[in-house]
file input_31.cif (mmCIF, C-alpha atoms)
data_input
loop_
_atom_site.label_atom_id
_atom_site.label_comp_id
_atom_site.auth_asym_id
_atom_site.auth_seq_id
_atom_site.Cartn_x
_atom_site.Cartn_y
_atom_site.Cartn_z
CA MET U 1 113.07 120.85 110.87
CA SER U 2 113.04 121.10 107.09
CA SER U 3 114.37 124.13 105.37
CA ALA U 4 112.11 126.75 103.84
CA PRO U 5 110.49 125.58 100.60
CA THR U 6 111.57 128.60 98.66
CA THR U 7 114.46 130.99 98.71
CA VAL U 8 113.12 134.46 99.32
CA LEU U 9 114.95 136.90 97.13
CA PRO U 10 115.69 140.21 98.82
CA THR U 11 114.08 142.60 96.37
CA ARG U 12 111.13 142.69 94.03
CA ARG U 13 113.41 143.32 91.06
CA GLU U 14 115.43 140.18 91.72
CA ARG U 15 112.29 138.07 92.09
CA LEU U 16 110.94 139.40 88.79
CA THR U 17 114.33 138.80 87.17
CA ALA U 18 114.32 135.17 88.32
CA ILE U 19 110.81 134.69 86.94
CA ARG U 20 111.80 136.27 83.63
CA ASP U 21 115.03 134.29 83.24
CA ARG U 22 113.69 130.87 84.24
CA LEU U 23 110.10 130.96 82.97
CA GLY U 24 110.67 133.31 80.05
CA PRO U 25 111.99 130.56 77.72
CA PHE U 26 108.69 128.69 78.09
CA ALA U 27 106.65 131.79 77.20
CA ARG U 28 108.88 132.94 74.34
CA PRO U 29 107.40 130.58 71.69
CA HIS U 30 103.95 132.07 72.38
CA ARG U 31 104.86 135.74 72.09
CA ARG U 32 102.68 136.10 69.00
CA HIS U 33 99.61 135.64 71.21
CA LEU U 34 100.90 138.35 73.54
CA ARG U 35 101.39 140.71 70.60
CA THR U 36 97.86 139.94 69.45
CA ALA U 37 96.56 140.66 72.94
CA LEU U 38 98.39 143.99 73.05
CA ALA U 39 97.06 144.99 69.62
CA ALA U 40 93.51 144.02 70.62
CA SER U 41 93.91 145.92 73.91
CA ALA U 42 94.91 149.02 71.95
CA LEU U 43 91.75 148.65 69.84
CA VAL U 44 89.63 148.22 72.98
CA THR U 45 91.13 151.40 74.41
CA ALA U 46 90.59 153.30 71.16
CA ALA U 47 86.94 152.19 71.04
CA GLN U 48 86.39 153.18 74.67
CA LEU U 49 87.93 156.59 74.07
CA ALA U 50 85.77 157.05 70.97
CA LEU U 51 82.47 156.26 72.69
CA PRO U 52 81.74 159.84 73.94
CA TRP U 53 82.47 161.47 70.58
CA PRO U 54 79.26 160.42 68.73
CA LEU U 55 77.22 161.53 71.74
CA THR U 56 79.00 164.88 71.73
CA TRP U 57 78.30 165.07 68.01
CA LEU U 58 74.58 164.53 68.63
CA VAL U 59 74.53 167.21 71.32
CA ASP U 60 76.23 169.64 68.94
CA LEU U 61 73.68 168.86 66.22
CA ALA U 62 70.78 169.31 68.62
CA SER U 63 72.06 172.71 69.73
CA ASN U 64 72.57 173.91 66.16
CA ASP U 65 69.37 175.21 64.54
CA ALA U 66 70.85 174.92 61.08
CA ALA U 67 71.32 171.16 61.47
CA ALA U 68 67.65 170.26 61.83
CA PRO U 69 66.99 166.61 60.87
CA ALA U 70 65.58 165.92 57.45
CA THR U 71 62.49 163.79 56.84
CA THR U 72 62.25 160.87 54.49
CA GLY U 73 58.97 159.06 54.03
CA GLY U 74 57.44 160.82 57.03
CA LEU U 75 60.07 159.47 59.49
CA ALA U 76 62.08 162.25 61.12
CA GLY U 77 65.85 161.90 61.16
CA ILE U 78 66.19 159.10 58.60
CA GLY U 79 68.92 160.15 56.21
CA GLY U 80 69.49 163.42 58.05
CA PRO U 81 72.61 164.66 59.81
CA ALA U 82 71.69 162.79 63.01
CA LEU U 83 72.12 159.47 61.19
CA TRP U 84 75.90 159.69 61.05
CA PRO U 85 76.52 159.95 64.82
CA VAL U 86 74.22 156.94 65.31
CA VAL U 87 76.15 154.95 62.70
CA ALA U 88 79.43 155.99 64.30
CA LEU U 89 78.19 154.89 67.74
CA LEU U 90 77.14 151.52 66.32
CA ALA U 91 80.51 151.06 64.62
CA VAL U 92 82.39 151.89 67.82
CA GLY U 93 80.26 149.41 69.77
CA LEU U 94 80.94 146.64 67.25
CA LEU U 95 84.67 147.40 67.29
CA LEU U 96 84.70 147.30 71.10
CA GLY U 97 83.00 143.91 71.27
CA TRP U 98 85.12 142.39 68.50
CA SER U 99 88.46 143.60 69.86
CA GLU U 100 87.62 142.58 73.46
CA ARG U 101 86.83 139.05 72.28
CA PHE U 102 90.17 138.75 70.48
CA GLN U 103 91.95 140.22 73.49
CA ARG U 104 90.57 137.63 75.90
CA VAL U 105 91.22 134.74 73.53
CA ALA U 106 94.82 135.85 72.89
CA VAL U 107 95.56 136.32 76.61
CA ALA U 108 94.11 132.89 77.40
CA LYS U 109 96.24 131.23 74.72
CA TYR U 110 99.38 133.00 75.87
CA VAL U 111 98.94 132.21 79.58
CA VAL U 112 97.65 128.65 79.31
CA ARG U 113 100.21 127.48 76.75
CA SER U 114 103.12 129.16 78.55
CA VAL U 115 102.20 127.65 81.93
CA ASN U 116 101.61 124.21 80.42
CA ASP U 117 105.02 124.30 78.73
CA ALA U 118 106.63 125.43 81.98
CA ARG U 119 105.05 122.55 83.90
CA LEU U 120 106.11 120.04 81.26
CA GLY U 121 109.63 121.42 81.20
CA ILE U 122 109.93 121.32 84.98
CA LEU U 123 108.70 117.72 85.14
CA THR U 124 111.06 116.71 82.33
CA HIS U 125 114.16 118.51 83.62
CA PRO U 126 113.63 119.45 87.27
CA ARG U 127 116.21 121.63 88.90
CA THR U 128 118.32 119.89 91.51
CA GLY U 129 118.52 121.32 95.01
CA GLY U 130 115.85 123.18 96.93
CA SER U 131 113.96 121.58 99.78
CA GLY U 132 113.72 118.22 98.01
CA GLU U 133 110.43 117.43 99.74
CA PRO U 134 107.91 115.58 97.54
CA GLY U 135 105.01 117.58 98.99
CA ASP U 136 106.69 120.83 98.00
CA LEU U 137 107.30 119.56 94.46
CA LEU U 138 103.71 118.35 94.15
CA THR U 139 102.12 121.60 95.31
CA ARG U 140 104.36 123.68 93.07
CA VAL U 141 103.82 121.64 89.92
CA VAL U 142 100.10 121.01 90.43
CA SER U 143 98.67 123.74 92.67
CA ASP U 144 100.81 126.70 91.63
CA THR U 145 100.47 125.98 87.91
CA ALA U 146 96.68 125.71 88.26
CA ARG U 147 96.50 128.99 90.16
CA LEU U 148 98.79 130.73 87.69
CA ARG U 149 96.92 129.41 84.67
CA VAL U 150 93.49 130.48 85.95
CA GLY U 151 94.33 133.67 87.84
CA LEU U 152 96.81 135.29 85.49
CA LYS U 153 94.36 135.33 82.58
CA GLY U 154 91.85 137.56 84.34
CA VAL U 155 94.51 139.79 85.85
CA LEU U 156 96.21 140.45 82.50
CA VAL U 157 92.91 141.13 80.73
CA HIS U 158 91.72 143.66 83.31
CA VAL U 159 95.09 145.33 83.84
CA LEU U 160 95.64 145.75 80.10
CA GLN U 161 92.11 146.92 79.40
CA HIS U 162 91.57 149.27 82.32
CA GLY U 163 95.18 150.42 82.61
CA LEU U 164 95.42 151.39 78.95
CA PHE U 165 92.07 153.18 79.19
CA LEU U 166 93.27 155.25 82.14
CA LEU U 167 96.42 156.15 80.23
CA GLY U 168 94.35 156.96 77.14
CA VAL U 169 92.13 159.31 79.13
CA SER U 170 95.28 161.00 80.43
CA VAL U 171 96.50 161.52 76.87
CA VAL U 172 93.14 162.99 75.81
CA LEU U 173 93.16 165.33 78.81
CA LEU U 174 96.69 166.40 77.92
CA ALA U 175 95.51 167.16 74.40
CA LEU U 176 92.60 169.24 75.71
CA ASP U 177 94.67 171.09 78.30
CA VAL U 178 98.11 170.38 79.71
CA TRP U 179 97.12 171.11 83.30
CA LEU U 180 94.16 168.74 83.15
CA GLY U 181 96.39 165.94 81.89
CA LEU U 182 99.17 166.57 84.41
CA ALA U 183 96.69 166.67 87.29
CA TYR U 184 95.21 163.33 86.29
CA LEU U 185 98.62 161.71 85.65
CA ALA U 186 99.79 162.78 89.11
CA GLY U 187 96.78 161.21 90.79
CA LEU U 188 97.12 158.08 88.65
CA GLY U 189 100.76 157.68 89.67
CA VAL U 190 99.95 157.90 93.38
CA ALA U 191 97.09 155.41 93.00
CA ILE U 192 99.32 152.89 91.19
CA GLY U 193 101.93 153.24 93.95
CA VAL U 194 99.30 152.40 96.58
CA ALA U 195 98.15 149.42 94.49
CA LEU U 196 101.73 148.10 94.27
CA ILE U 197 102.00 148.22 98.06
CA GLY U 198 98.91 146.03 98.19
CA THR U 199 100.49 143.71 95.63
CA ASP U 200 103.60 143.21 97.77
CA ARG U 201 101.51 142.48 100.87
CA ALA U 202 99.32 140.02 98.98
CA ALA U 203 102.42 138.29 97.60
CA ALA U 204 103.90 137.93 101.10
CA MET U 205 100.64 136.45 102.41
CA ALA U 206 100.43 134.05 99.48
CA ARG U 207 104.04 132.95 100.02
CA LEU U 208 103.30 131.95 103.62
CA ARG U 209 100.12 130.18 102.60
CA ARG U 210 101.85 128.21 99.83
CA GLY U 211 104.53 127.11 102.31
CA ARG U 212 101.89 125.79 104.73
CA GLU U 213 100.18 123.90 101.91
CA SER U 214 103.49 122.27 100.93
CA ARG U 215 104.08 121.08 104.49
CA VAL U 216 100.56 119.68 104.80
CA VAL U 217 100.84 117.75 101.52
CA ASN U 218 104.28 116.47 102.51
CA ASP U 219 102.91 115.17 105.84
CA ALA U 220 100.08 113.46 103.97
CA LEU U 221 102.51 111.74 101.59
CA ARG U 222 104.68 110.55 104.49
CA ALA U 223 101.66 109.17 106.29
CA ALA U 224 100.47 107.39 103.14
CA THR U 225 103.85 105.73 102.49
CA SER U 226 104.49 104.75 106.11
CA GLY U 227 100.98 103.52 106.83
CA THR U 228 100.62 105.67 109.94
CA GLY U 229 97.68 107.91 110.61
CA LEU U 230 97.84 111.50 109.45
CA ILE U 231 97.90 114.07 112.22
CA ALA U 232 95.55 116.85 111.20
CA ARG U 233 97.26 120.18 110.92
CA PRO U 234 95.16 123.32 110.59
CA THR U 235 95.95 125.37 107.53
CA ASP U 236 93.82 128.40 108.42
CA ARG U 237 92.66 128.47 104.81
CA GLU U 238 89.42 130.27 105.54
CA ARG U 239 91.15 132.89 107.64
CA SER U 240 93.90 133.51 105.06
CA VAL U 241 91.34 133.81 102.27
CA ALA U 242 89.32 136.28 104.34
CA ILE U 243 92.41 138.36 105.11
CA LEU U 244 93.43 138.40 101.44
CA THR U 245 89.91 139.43 100.40
CA GLN U 246 89.97 142.25 102.94
CA LEU U 247 93.35 143.37 101.61
CA LYS U 248 91.97 143.45 98.05
CA GLY U 249 88.97 145.44 99.21
CA ARG U 250 91.05 147.98 101.14
CA THR U 251 93.45 148.42 98.23
CA ALA U 252 90.60 148.83 95.75
CA TRP U 253 88.93 151.36 98.07
CA ALA U 254 92.17 153.35 98.41
CA VAL U 255 92.84 153.35 94.65
CA GLN U 256 89.26 154.27 93.83
CA GLY U 257 89.28 157.01 96.45
CA LEU U 258 92.49 158.55 95.13
CA LEU U 259 91.32 158.43 91.52
CA GLY U 260 87.92 159.79 92.57
CA LEU U 261 89.57 162.77 94.26
CA THR U 262 91.70 163.23 91.15
CA ALA U 263 88.57 163.18 88.97
CA CYS U 264 86.95 165.84 91.18
CA LEU U 265 90.06 168.00 90.85
CA VAL U 266 90.11 167.57 87.06
CA LEU U 267 86.39 168.38 86.77
CA THR U 268 86.82 171.49 88.94
CA LEU U 269 89.68 172.67 86.76
CA ALA U 270 87.67 171.95 83.60
CA VAL U 271 84.72 174.00 84.86
CA HIS U 272 87.04 176.85 85.78
CA PHE U 273 88.76 176.75 82.39
CA THR U 274 85.35 176.77 80.66
CA GLU U 275 84.24 179.81 82.64
CA THR U 276 87.40 181.66 81.67
CA GLY U 277 87.03 180.70 78.01
CA ARG U 278 90.05 178.40 77.97
CA LEU U 279 87.85 175.38 77.10
CA ASP U 280 84.69 175.09 75.03
CA THR U 281 81.40 173.73 76.33
CA GLU U 282 81.84 170.64 74.14
CA ASP U 283 85.24 170.01 75.76
CA LEU U 284 83.65 170.22 79.21
CA ALA U 285 80.99 167.69 78.18
CA LEU U 286 83.74 165.42 76.83
CA VAL U 287 85.73 165.61 80.08
CA SER U 288 82.59 164.88 82.10
CA SER U 289 81.81 161.84 79.92
CA TYR U 290 85.28 160.39 80.40
CA LEU U 291 85.18 160.93 84.15
CA LEU U 292 81.83 159.09 84.34
CA MET U 293 83.24 156.22 82.26
CA LEU U 294 86.21 155.89 84.65
CA HIS U 295 84.12 154.61 87.58
CA TYR U 296 84.24 150.90 86.69
CA PRO U 297 87.93 150.86 85.62
CA MET U 298 88.87 152.66 88.85
CA MET U 299 86.98 150.07 90.88
CA ARG U 300 88.57 147.10 89.10
CA LEU U 301 92.13 148.30 88.67
CA GLY U 302 93.12 148.34 92.35
CA ARG U 303 91.66 144.88 92.99
CA GLN U 304 93.28 143.36 89.90
CA ILE U 305 96.72 144.80 90.67
CA THR U 306 96.45 143.33 94.18
CA ARG U 307 95.48 139.96 92.68
CA LEU U 308 98.74 140.08 90.75
CA GLY U 309 100.66 139.45 94.00
CA PRO U 310 99.59 135.80 94.52
CA GLN U 311 100.13 135.10 90.83
CA LEU U 312 103.70 136.37 91.05
CA THR U 313 104.22 134.17 94.12
CA SER U 314 103.10 131.09 92.17
CA ALA U 315 105.37 132.08 89.28
CA GLU U 316 108.26 132.57 91.70
CA ARG U 317 107.75 129.09 93.18
CA LEU U 318 107.71 127.57 89.69
CA ALA U 319 110.84 129.50 88.78
CA GLY U 320 112.56 127.89 91.77
CA LEU U 321 112.11 124.49 90.08
CA ALA U 322 113.03 125.53 86.55
CA GLU U 323 116.53 125.12 85.21
CA GLU U 324 118.76 128.16 85.47
CA PRO U 325 119.64 129.75 82.11
CA THR U 326 123.04 128.69 80.81
CA SER U 327 124.27 132.26 80.34
CA THR U 328 123.38 133.17 83.92
CA ALA U 329 124.99 130.08 85.34
CA GLU U 330 128.22 130.67 83.38
CA ALA U 331 128.32 134.27 84.54
CA ARG U 332 128.25 133.09 88.14
#
call {"tool": "encode", "arguments": {"input": "input_31.cif", "output": "structure tokens"}}
result
Amino acid sequence: MSSAPTTVLPTRRERLTAIRDRLGPFARPHRRHLRTALAASALVTAAQLALPWPLTWLVDLASNDAAAPATTGGLAGIGGPALWPVVALLAVGLLLGWSERFQRVAVAKYVVRSVNDARLGILTHPRTGGSGEPGDLLTRVVSDTARLRVGLKGVLVHVLQHGLFLLGVSVVLLALDVWLGLAYLAGLGVAIGVALIGTDRAAAMARLRRGRESRVVNDALRAATSGTGLIARPTDRERSVAILTQLKGRTAWAVQGLLGLTACLVLTLAVHFTETGRLDTEDLALVSSYLLMLHYPMMRLGRQITRLGPQLTSAERLAGLAEEPTSTAEAR
């Protein structure tokens, strides 16, 4: 029997260290795209956090008798105080669309160019050792790079966008009231821990599936070179895909449930603080707006973090073929 196609490192930290040390040199020349993506993600988060403020401004104007809209040419509100919240809302919407476009383009450039350079470097200077099977080399260089190039783009975009928004809401809640912010941060930490458990399970499933694919391709290459018929070997692809989809769904449900319970707790505290005079009515409306906006990010975050597991497995398999850094090799 052939040896295992990859060497399973004992801990998550060591696997991530191997990916960083062996694939990091290929991504380093494209760090400017990553910096652009981070800056655009910060702008996306700022625009998302600013969306409720013009609406709160309009509500405050409507409740204030002294701020009645002026009339110009018989059209109510044109040129009056209500014009400025509308202009602010339009500006925030334009900023959100512009920054999200630049974010997606920058992430795509960073991921695609880094993976392409890694594949070219591995084909030019492959690392000696490993299983040595041609099927394993083919699936790693072709299949794993394709999966990493396509899957990692979406994962990074959603994790950056939704993760930063959740952190931004936590900061706003901390600014409004310390207990509101601490309550939401506690729930967010538990939810991320549950999502990371799903990531590890998805990575383990993907590792087994990639190994089966390598063995199937290796059998096909042997049959093609020897001229013998290929003995069909079931890969259970449909079953593994269904199991992985179920795992993503369960993880997303757990994360969304935990963050939903956290949102209920924060809203209950906000109502109580408003009744006691600790918060204003406008602050309560602002908290309610943010909690309503969190529904879609909560739904997507758990699924995207789970999707990160198979991408890390593909990166780990590529790192097994890349040359070991000179400094690390000398240290050993």
call {"tool": "resolve_selection", "arguments": {"input": "input_31.cif", "expression": "the PyMOL selection byres ((chain U and resi 249-251) around 12)", "output": "PDB file with C-alpha atoms, in the coordinates of the input"}}
result
ATOM      1  CA  ALA U 191      97.090 155.410  93.000  1.00  0.00           C
ATOM      2  CA  ILE U 192      99.320 152.890  91.190  1.00  0.00           C
ATOM      3  CA  GLY U 193     101.930 153.240  93.950  1.00  0.00           C
ATOM      4  CA  VAL U 194      99.300 152.400  96.580  1.00  0.00           C
ATOM      5  CA  ALA U 195      98.150 149.420  94.490  1.00  0.00           C
ATOM      6  CA  LEU U 196     101.730 148.100  94.270  1.00  0.00           C
ATOM      7  CA  ILE U 197     102.000 148.220  98.060  1.00  0.00           C
ATOM      8  CA  GLY U 198      98.910 146.030  98.190  1.00  0.00           C
ATOM      9  CA  THR U 199     100.490 143.710  95.630  1.00  0.00           C
ATOM     10  CA  ASP U 200     103.600 143.210  97.770  1.00  0.00           C
ATOM     11  CA  ARG U 201     101.510 142.480 100.870  1.00  0.00           C
ATOM     12  CA  ALA U 202      99.320 140.020  98.980  1.00  0.00           C
ATOM     13  CA  ALA U 242      89.320 136.280 104.340  1.00  0.00           C
ATOM     14  CA  ILE U 243      92.410 138.360 105.110  1.00  0.00           C
ATOM     15  CA  LEU U 244      93.430 138.400 101.440  1.00  0.00           C
ATOM     16  CA  THR U 245      89.910 139.430 100.400  1.00  0.00           C
ATOM     17  CA  GLN U 246      89.970 142.250 102.940  1.00  0.00           C
ATOM     18  CA  LEU U 247      93.350 143.370 101.610  1.00  0.00           C
ATOM     19  CA  LYS U 248      91.970 143.450  98.050  1.00  0.00           C
ATOM     20  CA  ALA U 252      90.600 148.830  95.750  1.00  0.00           C
ATOM     21  CA  TRP U 253      88.930 151.360  98.070  1.00  0.00           C
ATOM     22  CA  ALA U 254      92.170 153.350  98.410  1.00  0.00           C
ATOM     23  CA  VAL U 255      92.840 153.350  94.650  1.00  0.00           C
ATOM     24  CA  GLN U 256      89.260 154.270  93.830  1.00  0.00           C
ATOM     25  CA  GLY U 257      89.280 157.010  96.450  1.00  0.00           C
ATOM     26  CA  LEU U 258      92.490 158.550  95.130  1.00  0.00           C
ATOM     27  CA  MET U 298      88.870 152.660  88.850  1.00  0.00           C
ATOM     28  CA  MET U 299      86.980 150.070  90.880  1.00  0.00           C
ATOM     29  CA  ARG U 300      88.570 147.100  89.100  1.00  0.00           C
ATOM     30  CA  LEU U 301      92.130 148.300  88.670  1.00  0.00           C
ATOM     31  CA  GLY U 302      93.120 148.340  92.350  1.00  0.00           C
ATOM     32  CA  ARG U 303      91.660 144.880  92.990  1.00  0.00           C
ATOM     33  CA  GLN U 304      93.280 143.360  89.900  1.00  0.00           C
ATOM     34  CA  ILE U 305      96.720 144.800  90.670  1.00  0.00           C
ATOM     35  CA  THR U 306      96.450 143.330  94.180  1.00  0.00           C
ATOM     36  CA  ARG U 307      95.480 139.960  92.680  1.00  0.00           C
TER      37      ARG U 307
END
call {"tool": "resolve_selection", "arguments": {"input": "input_31.cif", "expression": "the PyMOL selection byres ((chain U and resi 117) around 12)", "output": "PyMOL selection string"}}
result
chain U and resi 23-30+109-116+118-125+141+145+149+318+322
call {"tool": "resolve_selection", "arguments": {"input": "input_31.cif", "expression": "the PyMOL selection byres ((chain U and resi 172-180) around 9)", "output": "compact mmCIF listing (two decimals) with C-alpha atoms, in the coordinates of the input"}}
result
# COMPACT_ATOMS: atom_id res chain seq x y z
CA LEU U 49 87.93 156.59 74.07
CA LEU U 167 96.42 156.15 80.23
CA GLY U 168 94.35 156.96 77.14
CA VAL U 169 92.13 159.31 79.13
CA SER U 170 95.28 161.00 80.43
CA VAL U 171 96.50 161.52 76.87
CA GLY U 181 96.39 165.94 81.89
CA LEU U 182 99.17 166.57 84.41
CA ALA U 183 96.69 166.67 87.29
CA TYR U 184 95.21 163.33 86.29
CA LEU U 185 98.62 161.71 85.65
CA LEU U 265 90.06 168.00 90.85
CA VAL U 266 90.11 167.57 87.06
CA LEU U 267 86.39 168.38 86.77
CA LEU U 269 89.68 172.67 86.76
CA ALA U 270 87.67 171.95 83.60
CA ARG U 278 90.05 178.40 77.97
CA LEU U 279 87.85 175.38 77.10
CA ASP U 283 85.24 170.01 75.76
CA VAL U 287 85.73 165.61 80.08
call {"tool": "closest_residue", "arguments": {"input": "input_31.cif", "among": "U:Leu51, U:Val44, U:Leu137, U:Leu261", "to": "Leu95 of chain U", "atoms": "only C-alpha atoms"}}
result
U:Val44
call {"tool": "closest_residue", "arguments": {"input": "input_31.cif", "among": "U:Ala108, U:Arg147, U:Gln103, U:Leu259", "to": "Ala186 of chain U", "atoms": "only C-alpha atoms"}}
result
U:Leu259
